[in-house]
Amino acid sequence: RDADLLRDLSPMTHIDRLDVPVLLIHGANDTNVPAGESAQVAEALAARGVPHGHLVLAGEGHDFLGRANAEAARTATAAWLTRHLAATASVLG
């Protein structure tokens with residue numbers, strides 16, 4: 001019944017148009033969005049040569065509640081943004 005909606009919402013539907021760096025962070029125990037879905041996105045990005053990172057946090061669900069995992073997600077995000085925004089700034093600068 002919701003196949004069209006779900007297809008439209010899926011990042012895989014338009015993955016061929018994505019050409020910017022992407023950081024994927026996923027909880028291994030996510031029951032809302034299975035971790036295998038971010039793995040599919042990572043594989044598709046790799047196949048297209050799109051820069052990406054893929055971090056799976058053990059013991060986490062859809063939200064990162066463990067202190068160490070939340071810190072790992074923040075650290076990875078800050079490093080990713082620093083790296084890729086610096087690259088963008090040098091191109092624009």
# chains A, B, ... in the order shown; residues from 1 in each chain; ligands from 1
$ closest_atom_pairs --of "segment 5-66 of chain A" --to "segment 72-87 of chain A" --cutoff "12 Å" --atoms "only C-alpha atoms" --output "Markdown table"
| residue | atom | partner | partner_atom | distance |
| --- | --- | --- | --- | --- |
| A:Val20 | CA | A:His84 | CA | 9.4 |
| A:Pro21 | CA | A:His84 | CA | 7.3 |
| A:Val22 | CA | A:Trp80 | CA | 8.8 |
| A:Leu23 | CA | A:Trp80 | CA | 7.2 |
| A:Leu24 | CA | A:Thr77 | CA | 9.4 |
| A:Ile25 | CA | A:Ala73 | CA | 6.9 |
| A:His26 | CA | A:Ala73 | CA | 9.1 |
| A:Gly27 | CA | A:Ala73 | CA | 10.1 |
| A:Pro51 | CA | A:His84 | CA | 9.6 |
| A:His52 | CA | A:Trp80 | CA | 9.3 |
| A:Gly53 | CA | A:Trp80 | CA | 8.2 |
| A:His54 | CA | A:Ala76 | CA | 9.8 |
| A:Leu55 | CA | A:Ala73 | CA | 8.0 |
| A:Val56 | CA | A:Ala73 | CA | 9.3 |
| A:Leu57 | CA | A:Ala73 | CA | 8.2 |
| A:Ala58 | CA | A:Ala72 | CA | 11.1 |
| A:Glu60 | CA | A:Ala73 | CA | 11.2 |
| A:Asp63 | CA | A:Ala73 | CA | 10.7 |
| A:Phe64 | CA | A:Ala73 | CA | 8.1 |
| A:Leu65 | CA | A:Ala73 | CA | 10.8 |
| A:Gly66 | CA | A:Ala72 | CA | 9.8 |
$ residues_around --residues "Asp30 of chain A" --least-positions-apart "4" --cutoff "6 Å" --atoms "only C-alpha atoms" --output "PDB file with N, CA and C atoms, in the first residue's frame"
ATOM      1  N   PRO A  34      16.797  -0.496   9.652  1.00  0.00           N
ATOM      2  CA  PRO A  34      17.820  -1.531   9.834  1.00  0.00           C
ATOM      3  C   PRO A  34      19.197  -1.050   9.383  1.00  0.00           C
ATOM      4  N   GLY A  61      20.456   1.969  19.182  1.00  0.00           N
ATOM      5  CA  GLY A  61      19.283   1.872  18.335  1.00  0.00           C
ATOM      6  C   GLY A  61      19.212   3.079  17.413  1.00  0.00           C
ATOM      7  N   HIS A  62      18.000   3.620  17.251  1.00  0.00           N
ATOM      8  CA  HIS A  62      17.801   4.763  16.364  1.00  0.00           C
ATOM      9  C   HIS A  62      18.412   6.038  16.952  1.00  0.00           C
TER      10      HIS A  62
END
$ select_by_dssp --residues "chain A" --states "alpha helix (DSSP H)" --output "PyMOL selection string"
chain A and resi 3-9+35-48+67-92
$ write_last_selection --atoms "C-alpha atoms" --output "CSV table (one decimal), in the first residue's frame"
chain,number,residue,atom,x,y,z
A,3,ALA,CA,5.3,1.1,-1.8
A,4,ASP,CA,5.4,4.3,-3.8
A,5,LEU,CA,5.9,6.5,-0.8
A,6,LEU,CA,8.6,4.3,0.6
A,7,ARG,CA,10.4,4.2,-2.7
A,8,ASP,CA,10.3,8.0,-2.9
A,9,LEU,CA,11.6,8.3,0.6
A,35,ALA,CA,21.6,-1.0,9.8
A,36,GLY,CA,21.8,-2.9,6.6
A,37,GLU,CA,20.2,0.0,4.8
A,38,SER,CA,23.1,2.4,5.6
A,39,ALA,CA,25.4,-0.4,4.5
A,40,GLN,CA,23.6,-0.5,1.1
A,41,VAL,CA,24.0,3.3,0.8
A,42,ALA,CA,27.7,3.0,1.7
A,43,GLU,CA,28.2,0.3,-0.9
A,44,ALA,CA,26.4,2.3,-3.6
A,45,LEU,CA,28.5,5.4,-2.8
A,46,ALA,CA,31.7,3.4,-2.9
A,47,ALA,CA,30.7,1.9,-6.3
A,48,ARG,CA,30.2,5.5,-7.6
A,67,ARG,CA,27.8,8.2,26.4
A,68,ALA,CA,30.8,6.7,24.6
A,69,ASN,CA,28.8,6.1,21.4
A,70,ALA,CA,27.2,9.6,21.4
A,71,GLU,CA,30.7,11.0,21.8
A,72,ALA,CA,32.0,8.8,19.0
A,73,ALA,CA,29.2,10.1,16.7
A,74,ARG,CA,30.0,13.8,17.7
A,75,THR,CA,33.7,13.3,17.2
A,76,ALA,CA,33.2,11.6,13.8
A,77,THR,CA,30.8,14.3,12.7
A,78,ALA,CA,33.1,17.1,13.7
A,79,ALA,CA,36.1,15.5,12.0
A,80,TRP,CA,34.0,14.9,8.8
A,81,LEU,CA,32.7,18.4,8.7
A,82,THR,CA,36.1,19.9,9.4
A,83,ARG,CA,37.7,17.8,6.6
A,84,HIS,CA,35.1,18.4,4.0
A,85,LEU,CA,34.2,22.0,4.7
A,86,ALA,CA,37.9,22.9,4.7
A,87,ALA,CA,38.1,21.2,1.2
A,88,THR,CA,35.1,23.2,0.0
A,89,ALA,CA,36.5,26.4,1.4
A,90,SER,CA,39.8,25.9,-0.4
A,91,VAL,CA,38.0,25.4,-3.7
A,92,LEU,CA,35.8,28.5,-3.2
